[in-house]
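Since the structure comes first, as structure tokens, the remarks are kept for the end.
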Amino acid sequence: MVPGAMNSQQEHPKVRFYREMLLIRRFEEKAAEMYALGKIGGFCHLYIGEEAVAVGAISAARDEDYVITAYREHGHALARGSDPKRVMAELFGKATGLSKGKGGSMHLFDVPRHFMGGYAIVGGHIPLAIGLGFAIKYRKTDQVVLCFFGEGSVPNGAFHESMNMASLWRLPIVFICENNRFGMGTPIERASALYDIAHAAKGYNMPYHHVDGMDVVAMYESMVKILEVVRTGKRPIFVEARTYRFMGHSMADPAHGHYRTKAEIDEQKKHDPILVLQAALQKEELLTEPALKKIEDEVHATVQAAVDYAEQSPEPDLSALYEDLYA
Amino acid sequence: MPKVSYRDALNQALREEMSRDDRVFLMGEEVGFYQGAFKVSKGLLEEFGPMRVVDTPITEGGFTGVGIGAAMVGLRPVVEVMTFNFAIQAMDQIINNAAKIHQMSGGQLKVPLVVRGPGYAANRVAAQHSQALDPFFCYVPGLKVVSPSTPSDAKGLLKSAIRDDNPVIFIEAQLLYPLMGEVPQEDYTTPIGKGEIKRPGSDVTIITWSKMVHISLEAAGALAAEGIEAEIVDLRTLRPLDLPLILESVRKTGRAVIVEEQWPYGGVGAEVAYQIQHEAFDALDAPAERVTSEDVSVAYAKNLEKACIPDPAKVIKGVKKVLYQN
């Protein structure tokens with residue numbers, strides 16, 4: 001759900017997907033601008049091109065499910081319903097940010113929405129997801145964990161230890177591999193002996209699915225079915241969502257150059273999940289030109305309000321330096 | 001008060017805390033069916049069942065992360081590492097996750113996790129099984145580090161560690177497991193962050209912890225026969241250090257000897273020595289002395305291992321040095 005979105009309750013679900021993806025897209029474009037202006041510092045990993053994965057998957061989840069991911073996470077937080085103002089304020093390092101300015105782009109947490117972070121060590125958050133799943137089993141609830149990670153983390157030891165325990169202990173976890181083909185500048189075939197990433201699940205006796213990560217409706221429909229199986233069957237499932245990022249690994253990295261060509265990106269942009277959905281909605285007559293413009297204007301206003309809020313918010317007080325170190 | 005072994009005192013602490021709070025569970029290698037590699041968890045699986053006493057694969061990084069994740073959503077895991085040497089596999093989880101999640105989340109999440117197990121050298125178990133890794137954990141803000149020397153301290157501190165909402169690294173010692181001591185049977189806790197004078201004295205302050213408390217007590221007995229009365233400060237908690245207790249004793253005696261089963265460069269005693277000279281410089285009649293392990297990995301040969309670790313003779317030598325009695 002997008003806070004501040006008008007009439008989203010009465011919107012057709014596909015129109016809602018469009019709005020949510022567009023919000024992420026415009027938010028990320030604005031973040032890029034703000035980074036170039038020095039308002040956002042450090043590392044900023046943009047989700048541009050991958051929006052369908054987070055929106056499709058998280059839309060299928062319940063409020064009580066847990067969502068956990070790595071550092072390319074602005075889209076996941078927004079898809080989970082985090083307030084864009086508080087996300088932007090966190091990116092700006094302001095006291096009003098989701099993590100009080102202590103986390104930044106890579107450490108967004110929104111615990112009331114069960115958005116459990118925000119982690120910078122590749123693969124390092126995956127064992128945490130197993131812990132969340134373990135707690136669900138311990139408490140005998142029917143929650144599910146959605147654990148997102150990139151294909152670059154699949155060779156990592158933490159991934160393998162986690163997959164083994166999830167399968168061995170039959171934990172309700174969906175492993176969602178966002179395969180955007182490149183770990184920074186290294187294509188998957190130079191890092192992984194296994195090109196078909198989903199097959200990693202075979203080594204752990206775990207069912208797996210390939211989903212088109214550029215198609216939000218396909219993501220959503222697959223995830224609805226998968227979540228039902230995981231929730232009732234109380235066992236993990238692996239999803240490989242094939243997607244593509246249009247920008248560099250982070251704002252500090254080139255979009256193309258040594259590791260991929262501009263021509264390749266341009267070709268992939270033909271599969272832009274937002275444009276693809278837009279065309280489908282217009283063809284199905286679910287989205288008229290005026291309605292499209294209205295959504296664009298509302299999203300623009302939301303993003304601008306987020307920047308204004310972040311700009312106007314104070315930095316953390318120096319006295320906050322030692323706050324939240326020990327409980 | 002009954003005499004209970006250090007091992008059984010830990011077992012009592014686990015049993016009591018697991019009975020008191022059903023969010024507490026134990027996880028680690030061989031903790032369940034095997035009854036515990038060192039029998040610390042004996043009988044717990046039978047009493048509490050497999051959901052609360054969880055046998056893990058040999059994957060310290062992975063299962064420590066599982067403990068952290070479970071703690072994030074309000075369970076209170078006790079992760080057992082068979083030895084702290086193996087915990088090195090879990091350092092990414094401990095340092096990058098456990099220690100930082102409370103801060104990175106702006107206080108939204110807590111990590112009430114205990115990582116416990118034996119540290120320090122044992123009996124000829126060689127280089128990769130004999131390490132004292134205390135400083136690696138003491139270095140990290142966000143962690144607490146505890147290292148008890150007696151059965152009653154072990155029980156009271158483990159209960160406190162389990163009740164603490166922060167990640168606590170709880171370092172036991174294999175050679176201390178059979179040590180007998182009086183242990184209260186009622187529900188009691190020992191405060192984290194507070195040391196204890198294990199032996200009062202007026203001539204020199206020995207600051208120490210874990211196994212080295214007993215080495216120091218033995219040395220103190222021999223020194224007393226020569227008319228030197230050593231005061232032994234058992235730190236019990238390594239992070240946060242009980243500086244007021246340390247400094248009060250040093251200001252009284254004017255001489256400080258830190259006895260530590262640590263490598264010299266950056267062992268916890270180095271921080272203690274810095275604090276002493278920084279805060280109580282004028283009270284010192286001699287530079288602070290550190291009696292440490294030798295700056296090598298512990299070798300297998302019996303005589304080499306013995307040479308590596310502080311013993312009463314080395315403690316006595318250190319005390320006499322600060323007394324300028326050579």
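Every chain in the structure tokens has a letter given in the order shown (A, B, ...), and although residue numbers restart at 1 in each chain, ligands are simply numbered from 1 in the order shown.
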
* Would you list which chain A residues are within 7 Å of chain B using only C-alpha atoms, as a ChimeraX atom specification? -> /A:99-100,102-103,107-109,111,124,127-132,134-135,138,158,161-162,324-327

Those same residues, written as a PDB file, in the first residue's frame with N, CA and C atoms?
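Generated output (again10.pdb):
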ATOM      1  N   SER A  99      15.454   5.057  10.643  1.00  0.00           N
ATOM      2  CA  SER A  99      16.411   4.555  11.621  1.00  0.00           C
ATOM      3  C   SER A  99      17.059   5.688  12.400  1.00  0.00           C
ATOM      4  N   LYS A 100      16.339   6.831  12.488  1.00  0.00           N
ATOM      5  CA  LYS A 100      16.826   8.024  13.208  1.00  0.00           C
ATOM      6  C   LYS A 100      18.144   8.536  12.637  1.00  0.00           C
ATOM      7  N   LYS A 102      20.625   6.818  11.838  1.00  0.00           N
ATOM      8  CA  LYS A 102      21.746   5.960  12.245  1.00  0.00           C
ATOM      9  C   LYS A 102      22.105   4.932  11.184  1.00  0.00           C
ATOM     10  N   GLY A 103      21.179   4.671  10.277  1.00  0.00           N
ATOM     11  CA  GLY A 103      21.372   3.571   9.338  1.00  0.00           C
ATOM     12  C   GLY A 103      21.800   4.000   7.950  1.00  0.00           C
ATOM     13  N   HIS A 107      20.606   0.527   5.597  1.00  0.00           N
ATOM     14  CA  HIS A 107      20.087   0.007   6.865  1.00  0.00           C
ATOM     15  C   HIS A 107      18.758   0.656   7.205  1.00  0.00           C
ATOM     16  N   LEU A 108      17.786   0.527   6.301  1.00  0.00           N
ATOM     17  CA  LEU A 108      16.419   0.965   6.560  1.00  0.00           C
ATOM     18  C   LEU A 108      15.728  -0.127   7.353  1.00  0.00           C
ATOM     19  N   PHE A 109      15.053   0.234   8.404  1.00  0.00           N
ATOM     20  CA  PHE A 109      14.273  -0.717   9.187  1.00  0.00           C
ATOM     21  C   PHE A 109      12.909  -0.085   9.444  1.00  0.00           C
ATOM     22  N   VAL A 111      10.111  -1.642  11.595  1.00  0.00           N
ATOM     23  CA  VAL A 111       9.666  -2.838  12.307  1.00  0.00           C
ATOM     24  C   VAL A 111       8.154  -2.926  12.451  1.00  0.00           C
ATOM     25  N   GLY A 124      25.075 -11.831   4.333  1.00  0.00           N
ATOM     26  CA  GLY A 124      25.097 -11.813   5.802  1.00  0.00           C
ATOM     27  C   GLY A 124      23.732 -11.783   6.466  1.00  0.00           C
ATOM     28  N   PRO A 127      21.170 -15.723   7.090  1.00  0.00           N
ATOM     29  CA  PRO A 127      20.940 -16.482   8.339  1.00  0.00           C
ATOM     30  C   PRO A 127      19.938 -15.813   9.276  1.00  0.00           C
ATOM     31  N   LEU A 128      19.864 -14.484   9.239  1.00  0.00           N
ATOM     32  CA  LEU A 128      18.871 -13.794  10.070  1.00  0.00           C
ATOM     33  C   LEU A 128      17.471 -14.212   9.650  1.00  0.00           C
ATOM     34  N   ALA A 129      17.275 -14.347   8.334  1.00  0.00           N
ATOM     35  CA  ALA A 129      15.962 -14.761   7.822  1.00  0.00           C
ATOM     36  C   ALA A 129      15.601 -16.148   8.344  1.00  0.00           C
ATOM     37  N   ILE A 130      16.598 -16.997   8.479  1.00  0.00           N
ATOM     38  CA  ILE A 130      16.343 -18.333   9.018  1.00  0.00           C
ATOM     39  C   ILE A 130      15.907 -18.221  10.482  1.00  0.00           C
ATOM     40  N   GLY A 131      16.518 -17.275  11.180  1.00  0.00           N
ATOM     41  CA  GLY A 131      16.111 -17.020  12.571  1.00  0.00           C
ATOM     42  C   GLY A 131      14.673 -16.540  12.673  1.00  0.00           C
ATOM     43  N   LEU A 132      14.274 -15.684  11.744  1.00  0.00           N
ATOM     44  CA  LEU A 132      12.887 -15.221  11.732  1.00  0.00           C
ATOM     45  C   LEU A 132      11.953 -16.406  11.483  1.00  0.00           C
ATOM     46  N   PHE A 134      12.621 -19.512  12.119  1.00  0.00           N
ATOM     47  CA  PHE A 134      12.675 -20.373  13.305  1.00  0.00           C
ATOM     48  C   PHE A 134      11.706 -19.856  14.368  1.00  0.00           C
ATOM     49  N   ALA A 135      11.687 -18.543  14.566  1.00  0.00           N
ATOM     50  CA  ALA A 135      10.785 -17.961  15.568  1.00  0.00           C
ATOM     51  C   ALA A 135       9.326 -18.212  15.208  1.00  0.00           C
ATOM     52  N   TYR A 138       8.665 -21.720  16.138  1.00  0.00           N
ATOM     53  CA  TYR A 138       8.689 -21.817  17.610  1.00  0.00           C
ATOM     54  C   TYR A 138       7.362 -21.359  18.187  1.00  0.00           C
ATOM     55  N   ALA A 158      27.248 -18.196   3.804  1.00  0.00           N
ATOM     56  CA  ALA A 158      26.063 -17.900   4.615  1.00  0.00           C
ATOM     57  C   ALA A 158      24.787 -18.332   3.892  1.00  0.00           C
ATOM     58  N   GLU A 161      24.627 -22.300   4.233  1.00  0.00           N
ATOM     59  CA  GLU A 161      24.266 -22.744   5.593  1.00  0.00           C
ATOM     60  C   GLU A 161      22.792 -22.462   5.854  1.00  0.00           C
ATOM     61  N   SER A 162      22.326 -21.321   5.363  1.00  0.00           N
ATOM     62  CA  SER A 162      20.928 -20.931   5.582  1.00  0.00           C
ATOM     63  C   SER A 162      19.969 -21.832   4.822  1.00  0.00           C
ATOM     64  N   ASP A 324      20.858   4.158  21.654  1.00  0.00           N
ATOM     65  CA  ASP A 324      20.545   2.922  20.933  1.00  0.00           C
ATOM     66  C   ASP A 324      21.770   2.058  20.662  1.00  0.00           C
ATOM     67  N   LEU A 325      22.813   2.226  21.486  1.00  0.00           N
ATOM     68  CA  LEU A 325      23.958   1.333  21.369  1.00  0.00           C
ATOM     69  C   LEU A 325      23.684   0.094  22.224  1.00  0.00           C
ATOM     70  N   TYR A 326      23.257   0.332  23.462  1.00  0.00           N
ATOM     71  CA  TYR A 326      22.856  -0.774  24.337  1.00  0.00           C
ATOM     72  C   TYR A 326      21.390  -0.594  24.708  1.00  0.00           C
ATOM     73  N   ALA A 327      20.666  -1.703  24.718  1.00  0.00           N
ATOM     74  CA  ALA A 327      19.253  -1.655  25.098  1.00  0.00           C
ATOM     75  C   ALA A 327      19.135  -1.498  26.606  1.00  0.00           C
TER      76      ALA A 327
END

* To do: Write down as a ChimeraX atom specification the residues of stretch 74-297 of chain A whose backbone DSSP state falls under strand (DSSP E).
  => /A:145-150,173-179,182-183,186-187,208-212,237-242

Given the selection you just returned, output its residues as a file containing N, CA and C atoms, formatted as a CSV table (one decimal), in the first residue's frame.
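New file result-v3.csv:
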chain,number,residue,atom,x,y,z
A,145,VAL,N,8.4,-15.8,6.0
A,145,VAL,CA,9.5,-14.8,5.8
A,145,VAL,C,9.8,-14.7,4.3
A,146,LEU,N,9.9,-13.4,3.8
A,146,LEU,CA,10.3,-13.2,2.4
A,146,LEU,C,11.7,-12.6,2.5
A,147,CYS,N,12.7,-13.5,2.1
A,147,CYS,CA,14.1,-13.1,2.2
A,147,CYS,C,14.6,-12.8,0.8
A,148,PHE,N,14.9,-11.6,0.5
A,148,PHE,CA,15.4,-11.2,-0.8
A,148,PHE,C,17.0,-11.1,-0.7
A,149,PHE,N,17.6,-11.4,-1.8
A,149,PHE,CA,19.0,-11.3,-1.9
A,149,PHE,C,19.4,-11.4,-3.4
A,150,GLY,N,20.6,-11.0,-3.8
A,150,GLY,CA,21.0,-11.0,-5.2
A,150,GLY,C,21.7,-12.3,-5.5
A,173,ILE,N,9.9,-20.1,4.8
A,173,ILE,CA,10.7,-19.0,4.2
A,173,ILE,C,10.6,-19.1,2.7
A,174,VAL,N,10.4,-17.9,2.0
A,174,VAL,CA,10.6,-17.8,0.6
A,174,VAL,C,11.9,-17.2,0.3
A,175,PHE,N,12.8,-17.9,-0.3
A,175,PHE,CA,14.1,-17.3,-0.7
A,175,PHE,C,13.9,-16.7,-2.1
A,176,ILE,N,14.0,-15.4,-2.2
A,176,ILE,CA,13.7,-14.7,-3.4
A,176,ILE,C,15.0,-14.1,-3.9
A,177,CYS,N,15.6,-14.8,-4.9
A,177,CYS,CA,16.9,-14.4,-5.5
A,177,CYS,C,16.5,-13.4,-6.6
A,178,GLU,N,17.0,-12.2,-6.4
A,178,GLU,CA,16.8,-11.1,-7.5
A,178,GLU,C,18.0,-11.2,-8.4
A,179,ASN,N,17.9,-12.0,-9.5
A,179,ASN,CA,19.0,-12.2,-10.3
A,179,ASN,C,19.1,-11.1,-11.4
A,182,PHE,N,24.4,-9.3,-12.6
A,182,PHE,CA,25.7,-8.7,-12.3
A,182,PHE,C,25.9,-8.5,-10.8
A,183,GLY,N,27.0,-9.0,-10.3
A,183,GLY,CA,27.4,-8.6,-8.9
A,183,GLY,C,28.4,-7.5,-9.1
A,186,THR,N,30.7,-8.0,-12.1
A,186,THR,CA,31.0,-9.4,-12.5
A,186,THR,C,29.7,-10.1,-12.8
A,187,PRO,N,29.6,-10.6,-14.1
A,187,PRO,CA,28.4,-11.3,-14.5
A,187,PRO,C,28.4,-12.7,-13.8
A,208,TYR,N,11.8,-25.1,-6.3
A,208,TYR,CA,12.2,-23.9,-6.8
A,208,TYR,C,11.3,-23.5,-8.0
A,209,HIS,N,11.3,-22.2,-8.3
A,209,HIS,CA,10.6,-21.6,-9.4
A,209,HIS,C,11.4,-20.5,-10.0
A,210,HIS,N,11.2,-20.4,-11.4
A,210,HIS,CA,11.8,-19.3,-12.1
A,210,HIS,C,10.6,-18.3,-12.4
A,211,VAL,N,10.8,-17.1,-12.1
A,211,VAL,CA,9.7,-16.1,-12.4
A,211,VAL,C,10.3,-14.9,-13.2
A,212,ASP,N,9.6,-14.4,-14.1
A,212,ASP,CA,10.0,-13.2,-14.9
A,212,ASP,C,10.0,-12.0,-14.0
A,237,ILE,N,10.6,-22.4,0.0
A,237,ILE,CA,10.6,-22.5,-1.4
A,237,ILE,C,11.6,-21.5,-1.9
A,238,PHE,N,12.2,-21.8,-3.0
A,238,PHE,CA,13.2,-20.9,-3.7
A,238,PHE,C,12.6,-20.3,-4.9
A,239,VAL,N,12.7,-19.0,-5.1
A,239,VAL,CA,12.3,-18.3,-6.3
A,239,VAL,C,13.4,-17.6,-6.9
A,240,GLU,N,13.7,-17.8,-8.2
A,240,GLU,CA,14.7,-17.0,-8.9
A,240,GLU,C,13.9,-16.0,-9.8
A,241,ALA,N,14.0,-14.7,-9.4
A,241,ALA,CA,13.3,-13.7,-10.2
A,241,ALA,C,14.4,-13.1,-11.1
A,242,ARG,N,14.2,-13.3,-12.4
A,242,ARG,CA,15.2,-12.7,-13.4
A,242,ARG,C,14.9,-11.3,-13.7

* Would you return as a PyMOL selection string the members of stretch 96-190 of chain A that DSSP assigns to alpha helix (DSSP H) on this structure's backbone? => chain A and resi 126-139+157-168

Take the residues from that selection and write them out as a CSV table (one decimal), in the first residue's frame, keeping N, CA and C atoms.
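This is the output file selection_14.csv:
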chain,number,residue,atom,x,y,z
A,126,ILE,N,21.1,-13.4,5.3
A,126,ILE,CA,20.3,-14.6,5.1
A,126,ILE,C,20.1,-15.5,6.3
A,127,PRO,N,21.2,-15.7,7.1
A,127,PRO,CA,20.9,-16.5,8.3
A,127,PRO,C,19.9,-15.8,9.3
A,128,LEU,N,19.9,-14.5,9.2
A,128,LEU,CA,18.9,-13.8,10.1
A,128,LEU,C,17.5,-14.2,9.6
A,129,ALA,N,17.3,-14.3,8.3
A,129,ALA,CA,16.0,-14.8,7.8
A,129,ALA,C,15.6,-16.1,8.3
A,130,ILE,N,16.6,-17.0,8.5
A,130,ILE,CA,16.3,-18.3,9.0
A,130,ILE,C,15.9,-18.2,10.5
A,131,GLY,N,16.5,-17.3,11.2
A,131,GLY,CA,16.1,-17.0,12.6
A,131,GLY,C,14.7,-16.5,12.7
A,132,LEU,N,14.3,-15.7,11.7
A,132,LEU,CA,12.9,-15.2,11.7
A,132,LEU,C,12.0,-16.4,11.5
A,133,GLY,N,12.3,-17.3,10.5
A,133,GLY,CA,11.5,-18.5,10.3
A,133,GLY,C,11.5,-19.4,11.4
A,134,PHE,N,12.6,-19.5,12.1
A,134,PHE,CA,12.7,-20.4,13.3
A,134,PHE,C,11.7,-19.9,14.4
A,135,ALA,N,11.7,-18.5,14.6
A,135,ALA,CA,10.8,-18.0,15.6
A,135,ALA,C,9.3,-18.2,15.2
A,136,ILE,N,9.0,-18.2,13.9
A,136,ILE,CA,7.6,-18.4,13.5
A,136,ILE,C,7.3,-19.9,13.9
A,137,LYS,N,8.2,-20.8,13.6
A,137,LYS,CA,7.9,-22.2,13.9
A,137,LYS,C,7.8,-22.4,15.4
A,138,TYR,N,8.7,-21.7,16.1
A,138,TYR,CA,8.7,-21.8,17.6
A,138,TYR,C,7.4,-21.4,18.2
A,139,ARG,N,6.8,-20.3,17.6
A,139,ARG,CA,5.6,-19.7,18.1
A,139,ARG,C,4.4,-20.3,17.5
A,157,GLY,N,29.0,-18.6,1.6
A,157,GLY,CA,28.8,-19.7,2.7
A,157,GLY,C,27.5,-19.5,3.5
A,158,ALA,N,27.2,-18.2,3.8
A,158,ALA,CA,26.1,-17.9,4.6
A,158,ALA,C,24.8,-18.3,3.9
A,159,PHE,N,24.8,-18.2,2.6
A,159,PHE,CA,23.6,-18.6,1.8
A,159,PHE,C,23.4,-20.1,2.0
A,160,HIS,N,24.5,-20.9,1.8
A,160,HIS,CA,24.4,-22.3,1.8
A,160,HIS,C,24.0,-22.9,3.2
A,161,GLU,N,24.6,-22.3,4.2
A,161,GLU,CA,24.3,-22.7,5.6
A,161,GLU,C,22.8,-22.5,5.9
A,162,SER,N,22.3,-21.3,5.4
A,162,SER,CA,20.9,-20.9,5.6
A,162,SER,C,20.0,-21.8,4.8
A,163,MET,N,20.3,-22.1,3.6
A,163,MET,CA,19.4,-23.0,2.8
A,163,MET,C,19.3,-24.3,3.4
A,164,ASN,N,20.4,-24.8,3.9
A,164,ASN,CA,20.4,-26.2,4.6
A,164,ASN,C,19.5,-26.2,5.8
A,165,MET,N,19.7,-25.2,6.7
A,165,MET,CA,18.9,-25.2,7.9
A,165,MET,C,17.4,-25.0,7.6
A,166,ALA,N,17.1,-24.1,6.6
A,166,ALA,CA,15.7,-23.8,6.3
A,166,ALA,C,15.0,-25.1,5.8
A,167,SER,N,15.7,-25.8,5.0
A,167,SER,CA,15.1,-27.1,4.4
A,167,SER,C,15.1,-28.2,5.5
A,168,LEU,N,16.2,-28.3,6.2
A,168,LEU,CA,16.3,-29.4,7.2
A,168,LEU,C,15.2,-29.2,8.3

* Asked: Can you tell me, as a list in words, what residues are no more than 9 Å from B:Ile192 when counting only C-alpha atoms, ignoring any on the same chain fewer than 4 positions away?
  ->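 Close residues of B:Ile192: Lys144, Val145, Val146, Leu157, Ser160, Ala161, Asp164, Arg236, Thr237, Arg239 and Pro240 of chain B.
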
* Nearby residues (only C-alpha atoms) at most 10 Å from stretch 269-272 of chain B, same-chain spacing under 6 positions excluded, as a ChimeraX atom specification -> /B:135,138-139,207-208,238,241-243,246-247,256-263,278,288-292

* Asked: In Å, how far is it from atom CA of A:Leu78 to atom CA of A:His45?
  ->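 Going from atom CA of A:Leu78 over to atom CA of A:His45, I get 14.5 Å.
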